[in-house]
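Listing of entry-v8.pdb; format and content: PDB, C-alpha atoms.
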ATOM      1  CA  MET A   1       0.000   0.000   0.000
ATOM      2  CA  GLY A   2       2.954   2.375   0.366
ATOM      3  CA  HIS A   3       4.341   4.371   3.289
ATOM      4  CA  LEU A   4       2.189   5.644   6.126
ATOM      5  CA  TYR A   5       1.516   9.350   6.662
ATOM      6  CA  PRO A   6      -0.868  11.498   8.762
ATOM      7  CA  LEU A   7      -4.347  10.256   7.836
ATOM      8  CA  THR A   8      -7.619  12.130   7.586
ATOM      9  CA  PHE A   9     -10.980  10.542   6.891
ATOM     10  CA  GLN A  10     -14.243  11.141   5.083
ATOM     11  CA  THR A  11     -16.948  12.970   7.010
ATOM     12  CA  ASP A  12     -19.330  10.571   8.779
ATOM     13  CA  LEU A  13     -22.350  12.316  10.330
ATOM     14  CA  HIS A  14     -24.953  10.387  12.337
ATOM     15  CA  GLU A  15     -28.560  11.560  12.492
ATOM     16  CA  LEU A  16     -29.973  11.277  16.012
ATOM     17  CA  VAL A  17     -33.207  12.340  17.645
ATOM     18  CA  TRP A  18     -31.420  14.813  19.943
ATOM     19  CA  GLY A  19     -29.095  16.237  17.244
ATOM     20  CA  GLY A  20     -28.982  19.660  15.627
ATOM     21  CA  HIS A  21     -27.118  21.665  12.991
ATOM     22  CA  GLN A  22     -23.853  22.564  14.736
ATOM     23  CA  LEU A  23     -21.909  19.716  13.147
ATOM     24  CA  GLN A  24     -22.799  20.887   9.645
ATOM     25  CA  ARG A  25     -21.477  24.319  10.574
ATOM     26  CA  LEU A  26     -18.379  22.838  12.204
ATOM     27  CA  LYS A  27     -17.677  20.797   9.073
ATOM     28  CA  GLN A  28     -18.556  23.733   6.796
ATOM     29  CA  LEU A  29     -21.279  21.731   5.079
ATOM     30  CA  PRO A  30     -24.547  23.053   3.591
ATOM     31  CA  LEU A  31     -27.334  23.133   6.166
ATOM     32  CA  THR A  32     -30.076  20.567   5.655
ATOM     33  CA  SER A  33     -33.133  19.512   7.614
ATOM     34  CA  CYS A  34     -31.241  16.527   9.057
ATOM     35  CA  LEU A  35     -30.549  16.616  12.792
ATOM     36  CA  TYR A  36     -27.007  15.317  13.194
ATOM     37  CA  GLY A  37     -25.950  14.414  16.709
ATOM     38  CA  GLU A  38     -22.504  12.931  16.106
ATOM     39  CA  SER A  39     -19.583  13.183  13.713
ATOM     40  CA  TRP A  40     -17.439  10.057  13.916
ATOM     41  CA  GLU A  41     -13.963  11.366  13.233
ATOM     42  CA  ILE A  42     -11.851   8.228  13.659
ATOM     43  CA  SER A  43     -13.739   4.946  13.937
ATOM     44  CA  ASP A  44     -13.196   1.233  13.443
ATOM     45  CA  MET A  45     -16.691   0.319  14.615
ATOM     46  CA  PRO A  46     -18.574  -2.264  12.503
ATOM     47  CA  ASN A  47     -20.624  -0.609   9.743
ATOM     48  CA  ALA A  48     -19.088   2.770  10.599
ATOM     49  CA  GLU A  49     -15.450   2.417   9.610
ATOM     50  CA  SER A  50     -13.528   5.554   8.783
ATOM     51  CA  VAL A  51     -12.390   5.823   5.150
ATOM     52  CA  VAL A  52      -9.187   7.677   4.226
ATOM     53  CA  ASP A  53      -9.966  10.783   2.163
ATOM     54  CA  ARG A  54      -6.560  11.913   0.860
ATOM     55  CA  GLY A  55      -3.209  10.693  -0.348
ATOM     56  CA  PRO A  56      -2.122   7.312  -1.752
ATOM     57  CA  LEU A  57      -4.255   5.432   0.790
ATOM     58  CA  ALA A  58      -7.513   7.240  -0.109
ATOM     59  CA  GLY A  59     -10.465   4.850  -0.150
ATOM     60  CA  GLN A  60      -8.946   2.423   2.335
ATOM     61  CA  THR A  61     -10.865   1.763   5.544
ATOM     62  CA  LEU A  62      -9.229   2.032   8.938
ATOM     63  CA  SER A  63      -9.705  -1.696   9.536
ATOM     64  CA  GLU A  64      -7.965  -2.462   6.233
ATOM     65  CA  LEU A  65      -5.032  -0.302   7.255
ATOM     66  CA  VAL A  66      -4.798  -1.970  10.676
ATOM     67  CA  ALA A  67      -4.867  -5.412   9.033
ATOM     68  CA  HIS A  68      -2.109  -4.447   6.582
ATOM     69  CA  TYR A  69       0.231  -2.335   8.704
ATOM     70  CA  GLY A  70      -0.397  -3.735  12.204
ATOM     71  CA  ALA A  71       2.183  -2.425  14.675
ATOM     72  CA  GLU A  72       3.472   0.196  12.226
ATOM     73  CA  LEU A  73       0.118   1.934  12.469
ATOM     74  CA  LEU A  74      -1.020   1.043  15.993
ATOM     75  CA  GLY A  75       2.267   0.652  17.863
ATOM     76  CA  GLY A  76       3.739  -2.596  19.144
ATOM     77  CA  HIS A  77       2.052  -2.872  22.538
ATOM     78  CA  VAL A  78      -1.291  -1.605  21.171
ATOM     79  CA  PHE A  79      -1.218  -4.212  18.414
ATOM     80  CA  ARG A  80      -0.386  -6.967  20.926
ATOM     81  CA  ASP A  81      -3.225  -5.923  23.251
ATOM     82  CA  HIS A  82      -5.904  -5.093  20.678
ATOM     83  CA  GLY A  83      -4.996  -7.081  17.585
ATOM     84  CA  ARG A  84      -6.718  -5.839  14.461
ATOM     85  CA  GLN A  85      -9.195  -3.520  16.168
ATOM     86  CA  PHE A  86      -8.436   0.176  16.415
ATOM     87  CA  PRO A  87      -9.039   0.763  20.142
ATOM     88  CA  LEU A  88     -10.414   4.324  20.234
ATOM     89  CA  LEU A  89     -13.360   6.206  18.785
ATOM     90  CA  VAL A  90     -13.059   9.971  18.359
ATOM     91  CA  LYS A  91     -16.227  11.967  17.742
ATOM     92  CA  PHE A  92     -17.903  15.357  17.985
ATOM     93  CA  ILE A  93     -21.309  15.558  19.687
ATOM     94  CA  ASP A  94     -23.969  18.240  19.108
ATOM     95  CA  ALA A  95     -26.573  18.036  21.852
ATOM     96  CA  ASN A  96     -29.417  20.163  20.501
ATOM     97  CA  ALA A  97     -31.681  18.347  22.994
ATOM     98  CA  CYS A  98     -30.813  16.383  26.119
ATOM     99  CA  LEU A  99     -29.269  12.951  25.666
ATOM    100  CA  SER A 100     -30.617  10.014  27.649
ATOM    101  CA  ILE A 101     -29.447   9.371  31.199
ATOM    102  CA  GLN A 102     -27.064   6.466  30.643
ATOM    103  CA  VAL A 103     -24.165   4.360  31.872
ATOM    104  CA  HIS A 104     -21.530   2.151  30.246
ATOM    105  CA  PRO A 105     -20.294  -1.188  31.586
ATOM    106  CA  GLY A 106     -16.673  -1.922  32.396
ATOM    107  CA  GLU A 107     -14.454  -4.368  30.552
ATOM    108  CA  ALA A 108     -15.393  -7.525  32.477
ATOM    109  CA  LEU A 109     -19.165  -7.040  32.284
ATOM    110  CA  ALA A 110     -19.113  -5.923  28.638
ATOM    111  CA  GLN A 111     -17.024  -8.935  27.624
ATOM    112  CA  ALA A 112     -19.124 -11.398  29.617
ATOM    113  CA  ARG A 113     -22.493 -10.047  28.515
ATOM    114  CA  HIS A 114     -21.818  -8.723  25.000
ATOM    115  CA  GLY A 115     -18.411 -10.026  23.915
ATOM    116  CA  LYS A 116     -17.302  -6.382  23.524
ATOM    117  CA  HIS A 117     -15.034  -3.890  25.229
ATOM    118  CA  GLY A 118     -16.231  -1.680  28.042
ATOM    119  CA  LYS A 119     -16.521   2.048  27.520
ATOM    120  CA  ALA A 120     -14.560   4.743  29.254
ATOM    121  CA  GLU A 121     -14.795   8.201  27.722
ATOM    122  CA  MET A 122     -13.764  11.815  28.152
ATOM    123  CA  TRP A 123     -15.425  15.068  27.122
ATOM    124  CA  TYR A 124     -13.914  18.387  26.096
ATOM    125  CA  VAL A 125     -16.555  21.131  25.859
ATOM    126  CA  MET A 126     -16.088  23.228  22.706
ATOM    127  CA  ASP A 127     -19.212  25.416  22.855
ATOM    128  CA  ALA A 128     -21.964  25.799  25.435
ATOM    129  CA  GLN A 129     -25.010  28.030  25.591
ATOM    130  CA  PRO A 130     -25.386  29.932  28.890
ATOM    131  CA  GLY A 131     -26.773  27.629  31.580
ATOM    132  CA  SER A 132     -25.989  24.429  29.671
ATOM    133  CA  SER A 133     -24.999  21.535  31.883
ATOM    134  CA  LEU A 134     -23.763  17.966  32.155
ATOM    135  CA  TYR A 135     -24.941  15.288  34.564
ATOM    136  CA  VAL A 136     -22.034  13.250  35.919
ATOM    137  CA  GLY A 137     -22.336  10.850  38.856
ATOM    138  CA  PHE A 138     -24.605  10.827  41.908
ATOM    139  CA  ASN A 139     -24.888  13.735  44.349
ATOM    140  CA  THR A 140     -26.281  11.595  47.157
ATOM    141  CA  GLU A 141     -26.357   7.963  48.183
ATOM    142  CA  ILE A 142     -29.310   5.975  46.869
ATOM    143  CA  SER A 143     -30.293   2.320  46.988
ATOM    144  CA  ARG A 144     -31.068   0.070  44.063
ATOM    145  CA  ASP A 145     -34.784   0.300  44.960
ATOM    146  CA  GLU A 146     -34.684   4.097  45.040
ATOM    147  CA  TYR A 147     -32.936   4.039  41.678
ATOM    148  CA  ARG A 148     -35.801   1.977  40.206
ATOM    149  CA  ARG A 149     -38.403   4.297  41.731
ATOM    150  CA  ARG A 150     -36.737   7.470  40.501
ATOM    151  CA  VAL A 151     -36.354   6.106  36.985
ATOM    152  CA  ALA A 152     -40.037   5.172  37.003
ATOM    153  CA  ASP A 153     -41.270   8.574  38.216
ATOM    154  CA  GLY A 154     -38.755  10.647  36.210
ATOM    155  CA  THR A 155     -36.852  12.105  39.178
ATOM    156  CA  ILE A 156     -33.526  10.354  38.578
ATOM    157  CA  THR A 157     -31.870  13.660  37.603
ATOM    158  CA  ASP A 158     -32.633  14.989  41.108
ATOM    159  CA  VAL A 159     -29.958  12.700  42.548
ATOM    160  CA  LEU A 160     -27.339  13.323  39.840
ATOM    161  CA  SER A 161     -24.560  15.903  40.091
ATOM    162  CA  ARG A 162     -25.239  18.736  37.654
ATOM    163  CA  PHE A 163     -22.383  20.856  36.324
ATOM    164  CA  GLU A 164     -22.926  24.060  34.390
ATOM    165  CA  VAL A 165     -20.221  24.173  31.736
ATOM    166  CA  GLN A 166     -18.346  26.541  29.475
ATOM    167  CA  PRO A 167     -15.876  26.020  26.620
ATOM    168  CA  GLY A 168     -12.692  24.343  27.820
ATOM    169  CA  ASP A 169     -14.306  22.234  30.553
ATOM    170  CA  VAL A 170     -13.171  18.605  30.726
ATOM    171  CA  PHE A 171     -14.786  15.514  32.245
ATOM    172  CA  TYR A 172     -13.576  11.917  32.445
ATOM    173  CA  ILE A 173     -16.380   9.334  32.540
ATOM    174  CA  PRO A 174     -15.143   5.931  33.742
ATOM    175  CA  PRO A 175     -17.306   2.840  33.211
ATOM    176  CA  GLY A 176     -20.098   2.712  35.768
ATOM    177  CA  ARG A 177     -20.557   6.468  36.183
ATOM    178  CA  VAL A 178     -24.086   7.597  35.262
ATOM    179  CA  HIS A 179     -24.020  10.622  32.957
ATOM    180  CA  SER A 180     -25.798  12.721  30.343
ATOM    181  CA  ILE A 181     -25.254  15.747  28.116
ATOM    182  CA  SER A 182     -27.927  18.430  28.291
ATOM    183  CA  SER A 183     -29.025  20.660  25.427
ATOM    184  CA  GLY A 184     -26.921  23.483  24.009
ATOM    185  CA  ILE A 185     -23.509  21.778  24.124
ATOM    186  CA  LEU A 186     -20.975  20.945  21.413
ATOM    187  CA  LEU A 187     -18.138  18.738  22.614
ATOM    188  CA  CYS A 188     -15.395  16.373  21.541
ATOM    189  CA  GLU A 189     -15.571  12.850  22.958
ATOM    190  CA  ILE A 190     -12.697  10.380  23.017
ATOM    191  CA  GLN A 191     -13.698   6.886  24.108
ATOM    192  CA  GLN A 192     -12.910   3.220  23.977
ATOM    193  CA  SER A 193     -14.094   1.644  20.741
ATOM    194  CA  SER A 194     -17.388   0.284  22.040
ATOM    195  CA  ASP A 195     -21.105   0.839  21.422
ATOM    196  CA  VAL A 196     -22.403  -0.713  24.658
ATOM    197  CA  THR A 197     -24.696   1.835  26.317
ATOM    198  CA  TYR A 198     -27.411   1.265  28.913
ATOM    199  CA  ARG A 199     -30.163   3.900  28.878
ATOM    200  CA  LEU A 200     -31.781   4.482  32.260
ATOM    201  CA  TYR A 201     -34.171   7.291  31.362
ATOM    202  CA  ASP A 202     -35.015   9.032  28.076
ATOM    203  CA  TYR A 203     -37.656  11.666  28.903
ATOM    204  CA  HIS A 204     -40.423   9.484  27.359
ATOM    205  CA  ARG A 205     -38.998  10.407  23.951
ATOM    206  CA  LEU A 206     -39.679   8.714  20.623
ATOM    207  CA  GLY A 207     -36.819   7.727  18.326
ATOM    208  CA  LEU A 208     -36.403   8.650  14.676
ATOM    209  CA  ASP A 209     -38.586   5.647  13.842
ATOM    210  CA  GLY A 210     -41.462   7.054  15.908
ATOM    211  CA  LYS A 211     -41.147   4.348  18.572
ATOM    212  CA  PRO A 212     -39.968   4.668  22.203
ATOM    213  CA  ARG A 213     -36.237   4.120  22.480
ATOM    214  CA  GLN A 214     -35.163   1.005  24.349
ATOM    215  CA  LEU A 215     -34.285   1.336  28.033
ATOM    216  CA  HIS A 216     -31.983  -0.949  30.018
ATOM    217  CA  ILE A 217     -33.082  -0.237  33.589
ATOM    218  CA  GLU A 218     -32.349  -3.655  35.074
ATOM    219  CA  GLU A 219     -29.302  -4.470  32.910
ATOM    220  CA  ALA A 220     -27.709  -1.226  34.084
ATOM    221  CA  LEU A 221     -27.821  -2.237  37.744
ATOM    222  CA  ASP A 222     -24.819  -4.536  37.277
ATOM    223  CA  ALA A 223     -22.842  -1.663  35.743
ATOM    224  CA  ILE A 224     -23.735   1.364  37.892
ATOM    225  CA  ASP A 225     -21.278   2.770  40.411
ATOM    226  CA  PHE A 226     -23.534   4.287  43.077
ATOM    227  CA  ALA A 227     -20.698   6.176  44.789
ATOM    228  CA  VAL A 228     -21.274   9.900  45.297
ATOM    229  CA  CYS A 229     -19.350  12.032  42.796
ATOM    230  CA  ASP A 230     -19.683  15.685  43.732
ATOM    231  CA  ASN A 231     -16.462  16.908  42.071
ATOM    232  CA  CYS A 232     -16.197  15.071  38.747
ATOM    233  CA  ARG A 233     -14.879  17.993  36.711
ATOM    234  CA  THR A 234     -11.253  17.606  35.633
ATOM    235  CA  THR A 235      -9.115  20.439  36.977
ATOM    236  CA  PHE A 236      -6.071  21.648  35.071
ATOM    237  CA  GLN A 237      -4.105  24.818  34.473
ATOM    238  CA  PRO A 238      -4.440  26.076  30.876
ATOM    239  CA  VAL A 239      -1.291  27.339  29.176
ATOM    240  CA  ARG A 240      -0.785  29.635  26.209
ATOM    241  CA  HIS A 241       1.953  27.415  24.774
ATOM    242  CA  GLY A 242       2.726  23.863  25.821
ATOM    243  CA  VAL A 243       1.232  20.516  26.750
ATOM    244  CA  VAL A 244      -1.331  19.883  29.499
ATOM    245  CA  SER A 245      -2.363  16.395  30.609
ATOM    246  CA  LEU A 246      -6.160  16.015  30.772
ATOM    247  CA  VAL A 247      -6.636  12.237  31.154
ATOM    248  CA  ASP A 248      -4.108   9.482  31.808
ATOM    249  CA  CYS A 249      -5.821   6.142  32.380
ATOM    250  CA  ARG A 250      -5.336   2.521  31.354
ATOM    251  CA  TYR A 251      -7.588   2.973  28.306
ATOM    252  CA  PHE A 252      -6.108   6.159  26.826
ATOM    253  CA  SER A 253      -4.158   9.322  27.549
ATOM    254  CA  VAL A 254      -5.330  12.717  26.328
ATOM    255  CA  ASN A 255      -3.318  15.937  26.298
ATOM    256  CA  LEU A 256      -4.282  19.471  25.370
ATOM    257  CA  LEU A 257      -1.729  20.963  22.990
ATOM    258  CA  ALA A 258      -1.634  24.759  22.905
ATOM    259  CA  ALA A 259       0.708  26.044  20.208
ATOM    260  CA  ALA A 260       1.465  29.764  19.973
ATOM    261  CA  SER A 261       4.601  28.858  17.985
ATOM    262  CA  PRO A 262       5.971  25.557  16.605
ATOM    263  CA  LEU A 263       5.490  22.828  19.224
ATOM    264  CA  PRO A 264       7.596  19.652  18.813
ATOM    265  CA  ARG A 265       6.072  16.349  19.922
ATOM    266  CA  ASP A 266       8.017  13.081  20.129
ATOM    267  CA  LEU A 267       5.835  10.207  21.352
ATOM    268  CA  ARG A 268       7.863   7.368  19.869
ATOM    269  CA  SER A 269       8.672   6.030  23.345
ATOM    270  CA  CYS A 270       4.937   5.431  23.915
ATOM    271  CA  ASP A 271       4.924   2.997  20.965
ATOM    272  CA  SER A 272       1.402   4.096  20.028
ATOM    273  CA  PHE A 273      -0.573   5.799  17.290
ATOM    274  CA  VAL A 274      -1.605   9.392  18.020
ATOM    275  CA  THR A 275      -4.903  11.091  17.202
ATOM    276  CA  LEU A 276      -5.079  14.870  16.872
ATOM    277  CA  THR A 277      -8.371  16.773  16.962
ATOM    278  CA  CYS A 278      -8.422  20.515  16.352
ATOM    279  CA  ILE A 279     -10.659  22.423  18.757
ATOM    280  CA  SER A 280      -9.601  25.946  17.823
ATOM    281  CA  GLY A 281      -7.327  27.789  15.444
ATOM    282  CA  THR A 282      -5.650  26.676  12.243
ATOM    283  CA  GLY A 283      -2.208  25.365  11.420
ATOM    284  CA  ARG A 284      -0.471  22.223  10.304
ATOM    285  CA  VAL A 285       1.270  19.070  11.450
ATOM    286  CA  ARG A 286       4.689  18.252  10.024
ATOM    287  CA  THR A 287       6.324  14.855  10.609
ATOM    288  CA  ARG A 288      10.050  14.120  10.710
ATOM    289  CA  SER A 289       9.720  12.252   7.406
ATOM    290  CA  GLY A 290       8.502  15.458   5.754
ATOM    291  CA  ASP A 291       4.757  14.812   5.451
ATOM    292  CA  MET A 292       2.588  17.858   6.142
ATOM    293  CA  LEU A 293      -1.122  18.176   6.896
ATOM    294  CA  SER A 294      -3.181  21.328   7.377
ATOM    295  CA  LEU A 295      -5.641  21.323  10.270
ATOM    296  CA  GLY A 296      -8.481  23.636  11.243
ATOM    297  CA  ARG A 297     -11.225  23.631  13.851
ATOM    298  CA  GLY A 298     -13.380  20.528  13.535
ATOM    299  CA  MET A 299     -10.718  18.415  11.813
ATOM    300  CA  SER A 300      -9.066  15.229  13.119
ATOM    301  CA  CYS A 301      -6.139  13.144  11.966
ATOM    302  CA  LEU A 302      -4.428   9.881  12.823
ATOM    303  CA  ILE A 303      -0.641   9.867  13.185
ATOM    304  CA  PRO A 304       0.730   6.318  12.672
ATOM    305  CA  ALA A 305       3.015   5.017  15.423
ATOM    306  CA  VAL A 306       6.006   5.058  13.070
ATOM    307  CA  GLU A 307       5.400   8.790  12.493
ATOM    308  CA  ALA A 308       4.844   9.771  16.146
ATOM    309  CA  ASP A 309       7.593  12.408  16.005
ATOM    310  CA  PHE A 310       6.061  15.603  14.647
ATOM    311  CA  VAL A 311       5.726  19.350  15.025
ATOM    312  CA  VAL A 312       2.477  21.273  15.486
ATOM    313  CA  GLU A 313       2.728  24.649  13.748
ATOM    314  CA  PRO A 314       0.053  27.339  14.193
ATOM    315  CA  ALA A 315      -0.884  29.704  11.404
ATOM    316  CA  ALA A 316       0.728  33.114  11.713
ATOM    317  CA  GLY A 317      -0.719  35.055  14.600
ATOM    318  CA  GLU A 318      -3.344  32.436  15.495
ATOM    319  CA  PRO A 319      -2.919  30.038  18.446
ATOM    320  CA  LEU A 320      -3.720  26.405  17.684
ATOM    321  CA  LYS A 321      -5.334  24.020  20.178
ATOM    322  CA  LEU A 322      -5.496  20.260  19.650
ATOM    323  CA  LEU A 323      -6.563  17.251  21.666
ATOM    324  CA  GLU A 324      -3.844  14.602  21.441
ATOM    325  CA  ALA A 325      -4.785  11.006  22.295
ATOM    326  CA  PHE A 326      -2.700   7.830  22.475
ATOM    327  CA  ILE A 327      -2.325   4.686  24.589
ATOM    328  CA  ARG A 328       0.603   4.249  26.938
ATOM    329  CA  PRO A 329       2.162   0.834  27.662
ATOM    330  CA  ALA A 330       0.517  -0.877  30.649
ATOM    331  CA  ASP A 331       3.694  -0.552  32.745
ATOM    332  CA  HIS A 332       4.223   3.149  32.060
ATOM    333  CA  ALA A 333       3.641   4.077  35.713
TER
END
Take the structure in the file and write it out as structure tokens.
Amino acid sequence: MGHLYPLTFQTDLHELVWGGHQLQRLKQLPLTSCLYGESWEISDMPNAESVVDRGPLAGQTLSELVAHYGAELLGGHVFRDHGRQFPLLVKFIDANACLSIQVHPGEALAQARHGKHGKAEMWYVMDAQPGSSLYVGFNTEISRDEYRRRVADGTITDVLSRFEVQPGDVFYIPPGRVHSISSGILLCEIQQSSDVTYRLYDYHRLGLDGKPRQLHIEEALDAIDFAVCDNCRTTFQPVRHGVVSLVDCRYFSVNLLAAASPLPRDLRSCDSFVTLTCISGTGRVRTRSGDMLSLGRGMSCLIPAVEADFVVEPAAGEPLKLLEAFIRPADHA
């Protein structure tokens, strides 16, 4: 297939009952009547595989690239641990209406019950209307019986921690933590490559097919962490130029790159692919081998492991901010 280089992919918008029009604007697409809730930026999920949109590898799916290049693309330890499945899913979410109250199972439960990976995820808020909020975790102790009662009478949000948000806020959602995105929020989500979601409550809403969406009230009980979580917001000190760690867990690491001038990045010691998602500004990525890729807000790219030595260069006079995601070796601590 030829040498690897920074990869970008065809736009993949998903119409959802709670979606809006922000993703079309973000992607600079003509507005239509479709309500798009998600843009899957980098995906190896079945029936939603990312397709390369430029360069010699254009037209190839991400799964085809993983099968052909293996450790060159993923990194040695990632390829050993995950085989031919790309382990992360990067997406943008436009919550024009509230998402369901939901929870994701951990690795053991997801494998035992569904034969799939669990789902940890993180959120970076890109835009938020005044008063917009996220629900993350419980604000008080409740029993399993109270949980059932509150789901039935629609008061489950009363016992969830509510966080008003603004652009730049970050949340890490481990498996088991009940959560939801309320209306008026555009965010970037980086998660394990999994589609296992248990809906607890959905505001008696009908799906795009005109039927009530499926709930998983009892199935979720085996996944829910009922511990109180009254300070779930990730705290960090923003910088004008440099690298800030946002999440560093067993499933993925995510940094915020702020480049006011050329910012070198050498992640070869991590032996992992790198994803870059632009959240503000414009600029380019230049690898040591000489490949260059322009990036602007709303764009994502995949840096192969063999190219994980690069420089982020902002456009003249315009700071560039990117989310950088990769997977460290298990013994990195």
Hey, can you check how far CA of Gln191 (chain A) sits from CA of Leu89 (chain A)? 5.4 Å
Which residues, written as a PyMOL selection string, have at least one atom at most 8 Å from Cys301 (chain A), with only C-alpha atoms counted and residues fewer than 5 positions away on the same chain left out? chain A and resi 6-9+42+275-277
Would you translate the PyMOL selection byres ((chain A and resi 77) around 12) into the concrete set of residues it matches in this file, as a VMD selection string? chain A and resid 70 to 76 78 to 83 87 269 to 273 305 326 to 332
For a test of reading the model, state the distance in Å between CA of Glu64 (chain A) and CA of Ser294 (chain A), rounded to one decimal. 24.3 Å
Give me the box for region 156-162 of chain A as lines of an AutoDock Vina configuration file, namely the centre and edge lengths in Å to one decimal of a box along x, y and z that holds every listed atom plus 3 Å on each side.
center_x = -29.0
center_y = 14.5
center_z = 40.1
size_x = 15.0
size_y = 14.4
size_z = 10.9
Interatomic distance (Å, one decimal) between CA of Ser245 (chain A) and CA of Arg268 (chain A):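 Atom-to-atom, CA of Ser245 (chain A) and CA of Arg268 (chain A) are spaced 17.4 Å apart.
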Check the smallest atom-to-atom distance from each of A:Gly131, A:Ser33, A:Ala95, A:His104 to Arg199 (chain A) using only C-alpha atoms, then report the winner. A:His104
List, as a PyMOL selection string, every residue that the PyMOL selection byres ((chain A and resi 14) around 6) selects in the file provided. chain A and resi 13+15+36+38
Any idea what's packed within 12 Å of Val51 (chain A), counting only C-alpha atoms, ignoring anything in its chain fewer than 4 positions away? Could you give it as an NGL selection string? :A and (7-12 or 40-45 or 47 or 55 or 57-65 or 301-302)
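Residues matching the PyMOL selection byres ((chain A and resi 157-167) around 7) in this structure come to Val125, Met126, Asp127, Ala128, Gly131, Ser132, Ser133, Leu134, Tyr135, Val136, Gly137, Phe138, Asn139, Thr140, Thr155, Ile156, Gly168, Asp169 and Asp230 of chain A.
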For region 26-29 of chain A, list every protein, DNA or RNA residue within 9 Å, evaluated using all atoms listed in the file, and leave out those in the same chain fewer than 2 positions away; present the list as number ranges by chain. A: 11, 21-24, 31-32, 297-299
Would you mind telling me which residue in A:Leu208, A:Val178, A:Leu263, A:Val170 lies nearest to Thr287 (chain A) when using all atoms listed in the file?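 Looking at the shortest contact to Thr287 (chain A), the residue is A:Leu263.
Compared by their closest atoms to His179 (chain A), and using all atoms listed in the file, the residues A:Leu99, A:Val66, A:Ala220, A:Ala108 rank with A:Leu99 nearest.
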Given all atoms listed in the file as the counted atoms, nearest of A:Ala110, A:Gly184, A:Tyr5, A:Trp123 to Arg288 (chain A): A:Tyr5
Using all atoms listed in the file: which of A:Thr234, A:Gln111, A:Ser143, A:Gln129 has the shortest distance to Tyr172 (chain A):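 Of all the options, A:Thr234 lies closest to Tyr172 (chain A).
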Using all atoms listed in the file, what residues lie at most 10 Å away from (-36.5, 11.6, 27.4) (file coordinates), given as number ranges by chain? A: 18, 97-101, 154, 200-207, 212-213
Need to verify the contact set: Asp222 (chain A), 9 Å, all atoms listed in the file, exclusion of same-chain residues closer than 6 positions in sequence. Can you return it as a PyMOL selection string? chain A and resi 105+109+176
Would you mind listing what lies within 12 Å of Gly290 (chain A) as an MDAnalysis selection string, with only C-alpha atoms counted and same-chain residues fewer than 6 positions away left out? chainID A and resid 4:6 307 309:311
Please produce a file of those selected residues containing C-alpha atoms, as a PDB file, in the frame of the given file.
ATOM      1  CA  LEU A   4       2.189   5.644   6.126  1.00  0.00           C
ATOM      2  CA  TYR A   5       1.516   9.350   6.662  1.00  0.00           C
ATOM      3  CA  PRO A   6      -0.868  11.498   8.762  1.00  0.00           C
ATOM      4  CA  GLU A 307       5.400   8.790  12.493  1.00  0.00           C
ATOM      5  CA  ASP A 309       7.593  12.408  16.005  1.00  0.00           C
ATOM      6  CA  PHE A 310       6.061  15.603  14.647  1.00  0.00           C
ATOM      7  CA  VAL A 311       5.726  19.350  15.025  1.00  0.00           C
TER       8      VAL A 311
END
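Only residues having an atom at most 7 Å from (-14.3, 1.7, 21.7) are included; using all atoms listed in the file, these are Pro87, Leu88, Leu89, His117, Lys119, Gln191, Gln192, Ser193, Ser194 and Asp195 of chain A.
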With distances taken over only C-alpha atoms, which of A:Gly118, A:Pro304, A:Pro174, A:Pro262 is nearest to Gly242 (chain A)?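 Of the candidates, the smallest distance to Gly242 (chain A) is held by A:Pro262.
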Export region 123-132 of chain A of the preceding structure, keeping N, CA and C atoms, as a PDB file, in the first residue's frame.
ATOM      1  N   TRP A 123     -14.772  13.984  27.854  1.00  0.00           N
ATOM      2  CA  TRP A 123     -15.425  15.068  27.122  1.00  0.00           C
ATOM      3  C   TRP A 123     -14.589  16.337  27.224  1.00  0.00           C
ATOM      4  N   TYR A 124     -14.470  17.035  26.110  1.00  0.00           N
ATOM      5  CA  TYR A 124     -13.914  18.387  26.096  1.00  0.00           C
ATOM      6  C   TYR A 124     -14.991  19.293  25.509  1.00  0.00           C
ATOM      7  N   VAL A 125     -15.476  20.239  26.293  1.00  0.00           N
ATOM      8  CA  VAL A 125     -16.555  21.131  25.859  1.00  0.00           C
ATOM      9  C   VAL A 125     -15.985  22.187  24.921  1.00  0.00           C
ATOM     10  N   MET A 126     -16.547  22.264  23.705  1.00  0.00           N
ATOM     11  CA  MET A 126     -16.088  23.228  22.706  1.00  0.00           C
ATOM     12  C   MET A 126     -16.964  24.479  22.679  1.00  0.00           C
ATOM     13  N   ASP A 127     -18.265  24.303  22.797  1.00  0.00           N
ATOM     14  CA  ASP A 127     -19.212  25.416  22.855  1.00  0.00           C
ATOM     15  C   ASP A 127     -20.320  25.040  23.827  1.00  0.00           C
ATOM     16  N   ALA A 128     -20.865  26.053  24.499  1.00  0.00           N
ATOM     17  CA  ALA A 128     -21.964  25.799  25.435  1.00  0.00           C
ATOM     18  C   ALA A 128     -22.802  27.058  25.560  1.00  0.00           C
ATOM     19  N   GLN A 129     -24.103  26.910  25.368  1.00  0.00           N
ATOM     20  CA  GLN A 129     -25.010  28.030  25.591  1.00  0.00           C
ATOM     21  C   GLN A 129     -25.072  28.334  27.081  1.00  0.00           C
ATOM     22  N   PRO A 130     -25.320  29.586  27.463  1.00  0.00           N
ATOM     23  CA  PRO A 130     -25.386  29.932  28.890  1.00  0.00           C
ATOM     24  C   PRO A 130     -26.373  29.034  29.635  1.00  0.00           C
ATOM     25  N   GLY A 131     -25.934  28.495  30.766  1.00  0.00           N
ATOM     26  CA  GLY A 131     -26.773  27.629  31.580  1.00  0.00           C
ATOM     27  C   GLY A 131     -26.751  26.165  31.177  1.00  0.00           C
ATOM     28  N   SER A 132     -26.063  25.835  30.089  1.00  0.00           N
ATOM     29  CA  SER A 132     -25.989  24.429  29.671  1.00  0.00           C
ATOM     30  C   SER A 132     -25.224  23.614  30.699  1.00  0.00           C
TER      31      SER A 132
END
